[in-house]
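Text of final08.pdb, listed as PDB, C-alpha atoms:
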MODEL        1
ATOM      1  CA  MET A   1       2.193  -9.061  17.185
ATOM      2  CA  ALA A   2      -1.606  -8.778  17.003
ATOM      3  CA  ARG A   3      -3.607 -12.004  16.865
ATOM      4  CA  SER A   4      -4.917 -12.744  13.393
ATOM      5  CA  ARG A   5      -4.451 -15.324  10.676
ATOM      6  CA  PHE A   6      -1.766 -13.261   9.015
ATOM      7  CA  VAL A   7       1.571 -15.067   9.260
ATOM      8  CA  GLY A   8       3.566 -13.836  12.228
ATOM      9  CA  ASP A   9       6.881 -12.069  11.904
ATOM     10  CA  LYS A  10       9.180 -12.171  14.910
ATOM     11  CA  GLY A  11      11.649  -9.974  13.074
ATOM     12  CA  LEU A  12       9.035  -7.245  12.707
ATOM     13  CA  THR A  13       8.047  -7.515  16.364
ATOM     14  CA  ALA A  14      11.685  -7.281  17.467
ATOM     15  CA  ARG A  15      12.356  -4.287  15.229
ATOM     16  CA  MET A  16       9.238  -2.442  16.378
ATOM     17  CA  THR A  17      10.154  -3.053  20.025
ATOM     18  CA  LEU A  18      13.734  -1.890  19.490
ATOM     19  CA  VAL A  19      12.718   1.238  17.552
ATOM     20  CA  MET A  20      10.123   2.214  20.158
ATOM     21  CA  PHE A  21      12.654   1.654  22.959
ATOM     22  CA  LEU A  22      15.411   3.655  21.272
ATOM     23  CA  LEU A  23      13.150   6.478  20.141
ATOM     24  CA  GLY A  24      11.416   6.553  23.511
ATOM     25  CA  GLY A  25      14.793   6.982  25.198
ATOM     26  CA  LEU A  26      15.784   9.580  22.615
ATOM     27  CA  PHE A  27      12.555  11.473  23.183
ATOM     28  CA  VAL A  28      12.902  11.447  26.974
ATOM     29  CA  GLY A  29      16.542  12.485  26.710
ATOM     30  CA  LEU A  30      15.665  15.356  24.383
ATOM     31  CA  ILE A  31      13.007  16.673  26.743
ATOM     32  CA  ALA A  32      15.285  16.269  29.785
ATOM     33  CA  VAL A  33      18.141  18.179  28.141
ATOM     34  CA  LEU A  34      15.834  20.970  27.036
ATOM     35  CA  ILE A  35      14.390  21.306  30.516
ATOM     36  CA  ALA A  36      17.952  21.464  31.914
ATOM     37  CA  ILE A  37      19.301  24.149  29.579
ATOM     38  CA  LEU A  38      16.249  26.317  29.013
ATOM     39  CA  PRO A  39      14.882  28.844  31.527
ATOM     40  CA  PRO A  40      12.992  27.133  34.424
ATOM     41  CA  THR A  41       9.713  28.758  33.435
ATOM     42  CA  TRP A  42       9.871  26.890  30.116
ATOM     43  CA  ALA A  43      10.179  23.414  31.650
ATOM     44  CA  PRO A  44       6.444  22.716  32.192
ATOM     45  CA  PHE A  45       5.636  23.847  28.656
ATOM     46  CA  ILE A  46       8.315  21.618  27.111
ATOM     47  CA  GLY A  47       6.968  18.538  28.905
ATOM     48  CA  VAL A  48       3.325  19.311  28.147
ATOM     49  CA  ILE A  49       3.989  20.056  24.471
ATOM     50  CA  GLY A  50       6.024  16.864  24.051
ATOM     51  CA  LEU A  51       3.448  14.604  25.687
ATOM     52  CA  GLY A  52       0.637  16.423  23.917
ATOM     53  CA  LEU A  53       2.160  15.827  20.510
ATOM     54  CA  VAL A  54       2.660  12.113  21.197
ATOM     55  CA  TRP A  55      -0.968  11.805  22.340
ATOM     56  CA  PHE A  56      -2.221  13.711  19.320
ATOM     57  CA  GLN A  57      -0.188  11.542  16.947
ATOM     58  CA  TRP A  58      -1.639   8.424  18.573
ATOM     59  CA  TYR A  59      -5.252   9.531  18.920
ATOM     60  CA  GLN A  60      -5.745  11.414  15.651
ATOM     61  CA  SER A  61      -3.468   9.447  13.311
ATOM     62  CA  ASP A  62      -6.310   8.251  11.084
ATOM     63  CA  THR A  63      -7.919  11.689  10.809
ATOM     64  CA  VAL A  64      -4.626  13.463  10.078
ATOM     65  CA  ALA A  65      -3.604  10.949   7.396
ATOM     66  CA  MET A  66      -6.958  11.106   5.637
ATOM     67  CA  LYS A  67      -6.925  14.900   5.616
ATOM     68  CA  ALA A  68      -3.387  14.913   4.264
ATOM     69  CA  MET A  69      -4.566  12.882   1.262
ATOM     70  CA  GLY A  70      -7.955  14.566   0.886
ATOM     71  CA  ALA A  71      -9.574  11.172   1.487
ATOM     72  CA  ARG A  72     -13.167  10.583   2.505
ATOM     73  CA  GLU A  73     -14.771   7.637   4.268
ATOM     74  CA  VAL A  74     -17.141   5.734   1.988
ATOM     75  CA  SER A  75     -20.159   3.612   2.863
ATOM     76  CA  ARG A  76     -21.107   0.243   1.403
ATOM     77  CA  GLU A  77     -23.635   1.978  -0.832
ATOM     78  CA  GLN A  78     -20.916   4.221  -2.264
ATOM     79  CA  ALA A  79     -18.319   1.474  -2.837
ATOM     80  CA  PRO A  80     -19.972  -1.968  -2.547
ATOM     81  CA  GLU A  81     -17.250  -3.953  -4.346
ATOM     82  CA  LEU A  82     -14.482  -2.408  -2.260
ATOM     83  CA  HIS A  83     -16.373  -3.116   0.971
ATOM     84  CA  ASP A  84     -17.082  -6.698  -0.099
ATOM     85  CA  MET A  85     -13.429  -7.342  -0.884
ATOM     86  CA  ILE A  86     -12.237  -5.948   2.449
ATOM     87  CA  GLU A  87     -14.893  -7.919   4.330
ATOM     88  CA  ARG A  88     -13.796 -11.174   2.677
ATOM     89  CA  LEU A  89     -10.162 -10.509   3.527
ATOM     90  CA  CYS A  90     -10.989  -9.586   7.130
ATOM     91  CA  ALA A  91     -13.020 -12.771   7.536
ATOM     92  CA  LEU A  92     -10.127 -14.745   6.077
ATOM     93  CA  ALA A  93      -7.676 -13.004   8.437
ATOM     94  CA  ASP A  94     -10.031 -13.161  11.449
ATOM     95  CA  MET A  95      -9.695  -9.463  12.216
ATOM     96  CA  PRO A  96     -12.107  -6.529  12.676
ATOM     97  CA  LYS A  97     -13.145  -4.746   9.514
ATOM     98  CA  PRO A  98     -11.600  -1.257   9.309
ATOM     99  CA  ARG A  99     -13.316   1.793   7.926
ATOM    100  CA  VAL A 100     -12.942   2.251   4.181
ATOM    101  CA  GLY A 101     -11.759   5.433   2.486
ATOM    102  CA  ILE A 102     -11.144   6.722  -1.024
ATOM    103  CA  ALA A 103      -8.861   9.583  -2.052
ATOM    104  CA  ASP A 104      -9.741  11.352  -5.298
ATOM    105  CA  THR A 105      -6.339  11.471  -6.977
ATOM    106  CA  ASP A 106      -4.785   9.845 -10.020
ATOM    107  CA  LEU A 107      -1.805   8.820  -7.878
ATOM    108  CA  PRO A 108      -1.996   4.995  -7.803
ATOM    109  CA  ASN A 109      -1.584   4.138  -4.136
ATOM    110  CA  ALA A 110      -3.094   2.835  -0.908
ATOM    111  CA  PHE A 111      -2.375   3.128   2.805
ATOM    112  CA  ALA A 112      -3.674   2.071   6.209
ATOM    113  CA  THR A 113      -3.619   4.037   9.431
ATOM    114  CA  GLY A 114      -5.223   4.134  12.870
ATOM    115  CA  ARG A 115      -4.414   3.695  16.529
ATOM    116  CA  SER A 116      -5.793   0.132  16.786
ATOM    117  CA  PRO A 117      -7.435  -2.561  14.630
ATOM    118  CA  ASN A 118     -10.797  -1.305  15.893
ATOM    119  CA  ARG A 119      -9.961   2.315  15.031
ATOM    120  CA  SER A 120      -8.296   1.904  11.674
ATOM    121  CA  VAL A 121      -9.002   2.896   8.103
ATOM    122  CA  VAL A 122      -7.789   1.509   4.783
ATOM    123  CA  VAL A 123      -7.655   4.080   1.997
ATOM    124  CA  VAL A 124      -7.254   3.536  -1.729
ATOM    125  CA  THR A 125      -6.970   6.183  -4.416
ATOM    126  CA  THR A 126      -9.185   6.459  -7.457
ATOM    127  CA  GLY A 127      -5.990   6.098  -9.483
ATOM    128  CA  ILE A 128      -5.292   2.623  -8.121
ATOM    129  CA  LEU A 129      -8.917   1.558  -8.557
ATOM    130  CA  ARG A 130      -8.723   2.439 -12.250
ATOM    131  CA  ARG A 131      -5.463   0.590 -12.861
ATOM    132  CA  LEU A 132      -5.733  -2.723 -10.990
ATOM    133  CA  ASP A 133      -7.894  -5.755 -11.652
ATOM    134  CA  ALA A 134      -9.735  -7.528  -8.827
ATOM    135  CA  GLU A 135      -6.924  -9.963  -7.948
ATOM    136  CA  GLU A 136      -4.304  -7.218  -7.912
ATOM    137  CA  LEU A 137      -6.456  -4.953  -5.740
ATOM    138  CA  GLU A 138      -7.083  -7.836  -3.361
ATOM    139  CA  GLY A 139      -3.332  -8.294  -2.996
ATOM    140  CA  VAL A 140      -2.872  -4.596  -2.203
ATOM    141  CA  LEU A 141      -5.680  -4.620   0.359
ATOM    142  CA  ALA A 142      -4.297  -7.743   2.045
ATOM    143  CA  HIS A 143      -0.939  -5.954   2.306
ATOM    144  CA  GLU A 144      -2.576  -2.936   3.963
ATOM    145  CA  LEU A 145      -4.690  -5.025   6.321
ATOM    146  CA  SER A 146      -1.562  -6.820   7.530
ATOM    147  CA  HIS A 147      -0.155  -3.442   8.604
ATOM    148  CA  VAL A 148      -3.261  -2.972  10.753
ATOM    149  CA  ALA A 149      -3.151  -6.498  12.188
ATOM    150  CA  HIS A 150       0.554  -6.265  12.994
ATOM    151  CA  ARG A 151       0.097  -2.755  14.468
ATOM    152  CA  ASP A 152       3.229  -1.521  12.733
ATOM    153  CA  VAL A 153       1.327   1.459  11.306
ATOM    154  CA  LEU A 154       0.664   2.613  14.881
ATOM    155  CA  VAL A 155       4.330   2.196  15.831
ATOM    156  CA  MET A 156       5.395   4.241  12.801
ATOM    157  CA  THR A 157       2.939   6.993  13.700
ATOM    158  CA  VAL A 158       3.899   7.287  17.367
ATOM    159  CA  ALA A 159       7.620   6.830  16.733
ATOM    160  CA  SER A 160       7.642   9.764  14.344
ATOM    161  CA  SER A 161       6.834  12.132  17.246
ATOM    162  CA  ALA A 162      10.476  12.485  18.310
ATOM    163  CA  GLY A 163      11.503  13.539  14.815
ATOM    164  CA  ILE A 164       8.621  16.003  14.530
ATOM    165  CA  ILE A 165       9.473  17.653  17.854
ATOM    166  CA  ALA A 166      13.165  17.785  16.901
ATOM    167  CA  ALA A 167      12.322  19.441  13.582
ATOM    168  CA  MET A 168      10.131  22.008  15.345
ATOM    169  CA  LEU A 169      12.864  22.763  17.878
ATOM    170  CA  SER A 170      15.477  23.125  15.135
ATOM    171  CA  ARG A 171      13.315  25.714  13.423
ATOM    172  CA  GLY A 172      12.670  27.454  16.748
ATOM    173  CA  ALA A 173      16.384  27.549  17.536
ATOM    174  CA  GLN A 174      17.101  29.124  14.157
ATOM    175  CA  TRP A 175      14.513  31.811  14.813
ATOM    176  CA  GLY A 176      16.042  32.318  18.256
ATOM    177  CA  ALA A 177      19.399  32.968  16.646
ATOM    178  CA  ILE A 178      17.895  35.435  14.202
ATOM    179  CA  PHE A 179      16.183  37.357  16.966
ATOM    180  CA  GLY A 180      19.126  37.455  19.339
ATOM    181  CA  GLY A 181      18.839  34.291  21.415
ATOM    182  CA  GLY A 182      22.331  34.686  22.829
ATOM    183  CA  ARG A 183      21.992  33.250  26.359
ATOM    184  CA  ARG A 184      25.033  31.065  27.136
ATOM    185  CA  GLU A 185      25.385  27.901  29.154
ATOM    186  CA  ASN A 186      28.413  27.849  31.510
ATOM    187  CA  ASN A 187      30.180  30.440  29.367
ATOM    188  CA  GLY A 188      29.941  28.048  26.444
ATOM    189  CA  ALA A 189      27.872  28.139  23.290
ATOM    190  CA  PRO A 190      24.643  30.165  23.177
ATOM    191  CA  THR A 191      21.543  28.209  24.195
ATOM    192  CA  TRP A 192      20.112  28.308  20.677
ATOM    193  CA  VAL A 193      23.238  26.535  19.364
ATOM    194  CA  VAL A 194      22.913  23.772  21.983
ATOM    195  CA  VAL A 195      19.213  23.337  21.192
ATOM    196  CA  LEU A 196      19.888  23.300  17.460
ATOM    197  CA  VAL A 197      22.636  20.650  17.697
ATOM    198  CA  ILE A 198      20.636  18.378  20.032
ATOM    199  CA  SER A 199      17.528  18.722  17.884
ATOM    200  CA  LEU A 200      19.372  17.962  14.663
ATOM    201  CA  VAL A 201      21.014  14.863  16.162
ATOM    202  CA  THR A 202      17.634  13.661  17.460
ATOM    203  CA  TYR A 203      16.014  14.256  14.091
ATOM    204  CA  VAL A 204      18.711  12.417  12.130
ATOM    205  CA  VAL A 205      18.705   9.382  14.445
ATOM    206  CA  SER A 206      14.896   9.119  14.496
ATOM    207  CA  PHE A 207      14.767   9.621  10.714
ATOM    208  CA  LEU A 208      17.174   6.767  10.024
ATOM    209  CA  LEU A 209      15.561   4.396  12.539
ATOM    210  CA  LEU A 210      12.124   4.977  11.069
ATOM    211  CA  LYS A 211      13.358   4.420   7.525
ATOM    212  CA  LEU A 212      14.979   1.117   8.503
ATOM    213  CA  LEU A 213      11.756  -0.042  10.179
ATOM    214  CA  SER A 214       9.662   1.205   7.270
ATOM    215  CA  ARG A 215      11.555  -0.870   4.703
ATOM    216  CA  TYR A 216      11.328  -4.058   6.748
ATOM    217  CA  ARG A 217       7.641  -3.646   7.522
ATOM    218  CA  GLU A 218       6.839  -3.320   3.806
ATOM    219  CA  LEU A 219       8.542  -6.647   3.079
ATOM    220  CA  SER A 220       6.699  -8.158   6.038
ATOM    221  CA  ALA A 221       3.343  -6.865   4.776
ATOM    222  CA  ASP A 222       4.050  -8.175   1.262
ATOM    223  CA  ARG A 223       4.813 -11.586   2.728
ATOM    224  CA  ALA A 224       1.791 -11.656   5.044
ATOM    225  CA  GLY A 225      -0.600 -10.461   2.359
ATOM    226  CA  ALA A 226       0.706 -12.965  -0.181
ATOM    227  CA  TYR A 227       0.267 -15.912   2.177
ATOM    228  CA  LEU A 228      -3.226 -14.772   3.139
ATOM    229  CA  THR A 229      -4.526 -14.550  -0.446
ATOM    230  CA  MET A 230      -2.262 -17.362  -1.728
ATOM    231  CA  LYS A 231      -1.728 -15.197  -4.821
ATOM    232  CA  PRO A 232       1.709 -13.585  -4.558
ATOM    233  CA  HIS A 233       1.778 -13.143  -8.338
ATOM    234  CA  ALA A 234      -1.216 -10.769  -8.084
ATOM    235  CA  LEU A 235       0.559  -8.504  -5.582
ATOM    236  CA  ALA A 236       3.723  -8.609  -7.712
ATOM    237  CA  SER A 237       1.722  -7.516 -10.742
ATOM    238  CA  ALA A 238       0.076  -4.718  -8.730
ATOM    239  CA  LEU A 239       3.439  -3.409  -7.489
ATOM    240  CA  GLN A 240       4.814  -3.344 -11.029
ATOM    241  CA  LYS A 241       1.796  -1.433 -12.301
ATOM    242  CA  ILE A 242       1.817   1.057  -9.423
ATOM    243  CA  THR A 243       5.549   1.733  -9.620
ATOM    244  CA  GLY A 244       5.604   1.935 -13.394
ATOM    245  CA  ASP A 245       2.616   4.279 -13.618
ATOM    246  CA  MET A 246       4.140   6.598 -11.011
ATOM    247  CA  ASN A 247       6.193   8.045 -13.869
ATOM    248  CA  GLN A 248       2.980   9.374 -15.418
ATOM    249  CA  ILE A 249       2.009  11.420 -12.349
ATOM    250  CA  PRO A 250       2.836  15.162 -12.479
ATOM    251  CA  ASP A 251       5.724  16.268 -10.256
ATOM    252  CA  ARG A 252       3.397  18.638  -8.390
ATOM    253  CA  ASP A 253       1.138  15.761  -7.307
ATOM    254  CA  LEU A 254       4.106  13.607  -6.311
ATOM    255  CA  ARG A 255       5.555  16.384  -4.133
ATOM    256  CA  ALA A 256       2.172  17.014  -2.508
ATOM    257  CA  SER A 257       1.926  13.369  -1.424
ATOM    258  CA  GLN A 258       5.509  12.705  -0.308
ATOM    259  CA  ALA A 259       4.732  13.328   3.370
ATOM    260  CA  MET A 260       2.724  10.083   3.232
ATOM    261  CA  ASN A 261       5.445   7.998   1.564
ATOM    262  CA  ALA A 262       6.227   5.926   4.649
ATOM    263  CA  PHE A 263       2.596   4.779   4.771
ATOM    264  CA  PHE A 264       1.969   4.149   1.056
ATOM    265  CA  ILE A 265       2.254   0.689  -0.453
ATOM    266  CA  ALA A 266       4.705   2.257  -2.919
ATOM    267  CA  PRO A 267       6.485   5.618  -2.547
ATOM    268  CA  ALA A 268       5.295   8.595  -4.584
ATOM    269  CA  VAL A 269       8.566   8.982  -6.482
ATOM    270  CA  ARG A 270       9.709   8.407 -10.032
ATOM    271  CA  GLY A 271      11.814   5.390 -10.889
ATOM    272  CA  VAL A 272      11.758   1.808  -9.656
ATOM    273  CA  SER A 273      15.138   1.485  -7.916
ATOM    274  CA  LEU A 274      15.470   2.970  -4.437
ATOM    275  CA  ARG A 275      18.730   1.887  -2.884
ATOM    276  CA  THR A 276      19.557   4.778  -0.600
ATOM    277  CA  LEU A 277      19.791   4.644   3.167
ATOM    278  CA  THR A 278      16.872   7.053   3.493
ATOM    279  CA  SER A 279      14.384   5.141   1.308
ATOM    280  CA  THR A 280      11.042   4.414   2.944
ATOM    281  CA  HIS A 281      10.590   1.192   0.946
ATOM    282  CA  PRO A 282      12.722  -1.724  -0.201
ATOM    283  CA  THR A 283      13.513  -1.764  -3.901
ATOM    284  CA  LEU A 284      10.940  -3.141  -6.306
ATOM    285  CA  GLU A 285      13.450  -5.856  -7.188
ATOM    286  CA  GLN A 286      13.660  -6.996  -3.550
ATOM    287  CA  ARG A 287       9.888  -7.124  -3.252
ATOM    288  CA  LEU A 288       9.424  -9.062  -6.478
ATOM    289  CA  GLU A 289      12.166 -11.543  -5.552
ATOM    290  CA  GLN A 290      10.471 -12.270  -2.222
ATOM    291  CA  LEU A 291       7.075 -12.730  -3.883
ATOM    292  CA  ALA A 292       8.645 -15.022  -6.500
ATOM    293  CA  ARG A 293      10.067 -17.203  -3.706
ATOM    294  CA  ILE A 294       6.650 -17.415  -2.058
ATOM    295  CA  GLN A 295       5.091 -18.248  -5.424
ATOM    296  CA  ALA A 296       7.590 -21.086  -5.899
ATOM    297  CA  GLU A 297       6.913 -22.333  -2.364
ATOM    298  CA  LEU A 298       3.164 -22.389  -2.957
ATOM    299  CA  GLY A 299       3.718 -24.182  -6.243
ATOM    300  CA  ARG A 300       1.137 -22.227  -8.195
ATOM    301  CA  PRO A 301       1.634 -21.007 -11.758
ATOM    302  CA  THR A 302       1.873 -17.284 -12.472
TER     303      THR A 302
ENDMDL
END
Written as structure tokens, that's how I'd like the structure from this file.
Amino acid sequence: MARSRFVGDKGLTARMTLVMFLLGGLFVGLIAVLIAILPPTWAPFIGVIGLGLVWFQWYQSDTVAMKAMGAREVSREQAPELHDMIERLCALADMPKPRVGIADTDLPNAFATGRSPNRSVVVVTTGILRRLDAEELEGVLAHELSHVAHRDVLVMTVASSAGIIAAMLSRGAQWGAIFGGGRRENNGAPTWVVVLVISLVTYVVSFLLLKLLSRYRELSADRAGAYLTMKPHALASALQKITGDMNQIPDRDLRASQAMNAFFIAPAVRGVSLRTLTSTHPTLEQRLEQLARIQAELGRPT
């Protein structure tokens, strides 16, 4: 866990370590199997492509995420109130101030990304700026800053590499089948079938592990942000507004943003109850119950 004044979370640290260990082993195993079953001349390319993708995910995570949302970095002159609020929270948390970005979309949301606290960016949408008051926005920003301080956003970014490679290989195997990839291993199934099965298994396992980590880290960030601001009721109000107003966003805009769901403070989907195994976030009810408990602990009126 990174050093800051955000409350620590041993459960988050343990889960991040376990997910990285399991996905790291899965990734290495995938590459090793591919090298073993594919023609020898392919082996160097498989290793280089795999390592290259992991490096790219790590090094360019902030740039890729901002481009995906059409976000732009803004200066103090362009968004003085937003900069002031983030500076106050960073001083309170004793952490470096990240870059600040705004995405021009009515989708009410926010996210943080970056390979380290010194190379991070916190992005809010114009939609969330229009809907939240100062206390609510402060709660959202504290939530996002805790992701940076705890480094869980980096773990999510790097850990997704195994799933991305598996998805690419699955598509490649399908094309290999279409174009006659019929080489067989030990008189068994064609190589493209072996690659397809291994890739699909890798993708499913990495997908489920990341979703489980994603849900826990959102609860952890809610908790850390609420204790930092001492205003859990403000974050609860913000989550209710964001989730409720998601129903007003056109389906086209929701679909365009769904690739970023794991990084948003609230998923870009309609409805407030998300109880499936593949959800990126805990249910709104779970989040509000936790914030209510913190509110009761702090003994402050809502």
Target residues per the PyMOL selection byres ((chain A and resi 23-31) around 8), formatted as an MDAnalysis selection string = chainID A and resid 19:22 32:35 46:47 50 159 162 198:199 202 206
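Within 7 Å of Leu291 of chain A, once all atoms listed in the file are used and residues closer than 6 positions along the same chain are dropped, the contacting residues are A:Pro232, A:His233, A:Ala236.
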Given the file shown, determine the residues that the PyMOL selection byres ((chain A and resi 118-132) around 6) selects; report them as a list in words.
-> Pro98, Arg99, Val100, Gly101, Ile102, Ala103, Asp104, Thr105, Asp106, Leu107, Pro108, Asn109, Ala110, Phe111, Ala112, Thr113, Gly114, Arg115, Ser116, Pro117, Asp133, Glu136 and Leu137 of chain A
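For the atom pair formed by atom CA of Gln258 of chain A and atom CA of Asp9 of chain A, the distance is 27.7 Å, given to one decimal.
Omitting Ser220 of chain A and its sequence neighbours fewer than 4 positions away, and counting all atoms listed in the file, the residues within 10 Å are Val7, Gly8, Asp9, Gly11, Leu12, His143, Ser146, His147, His150, Ser214, Arg215, Tyr216, Ala224, Gly225, Ala226, Arg287 and Gln290 of chain A.
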Interatomic distance (Å, one decimal) between atom CA of Glu135 of chain A and atom CA of Asp253 of chain A = 27.0 Å
Output check: residues returned by the PyMOL selection byres ((chain A and resi 5) around 12), as a PyMOL selection string | chain A and resi 1-4+6-9+89-96+142+145-146+149-150+224-225+227-229
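Going from atom CA of Ala238 of chain A over to atom CA of Ala266 of chain A, you cover 10.2 Å.
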Which residues come within 12 Å of Asp251 of chain A, counting all atoms listed in the file, excluding same-chain residues fewer than 4 positions away, as JSON, numbers by chain?
-> {"A": [107, 246, 247, 255, 256, 257, 258, 268, 269, 270]}
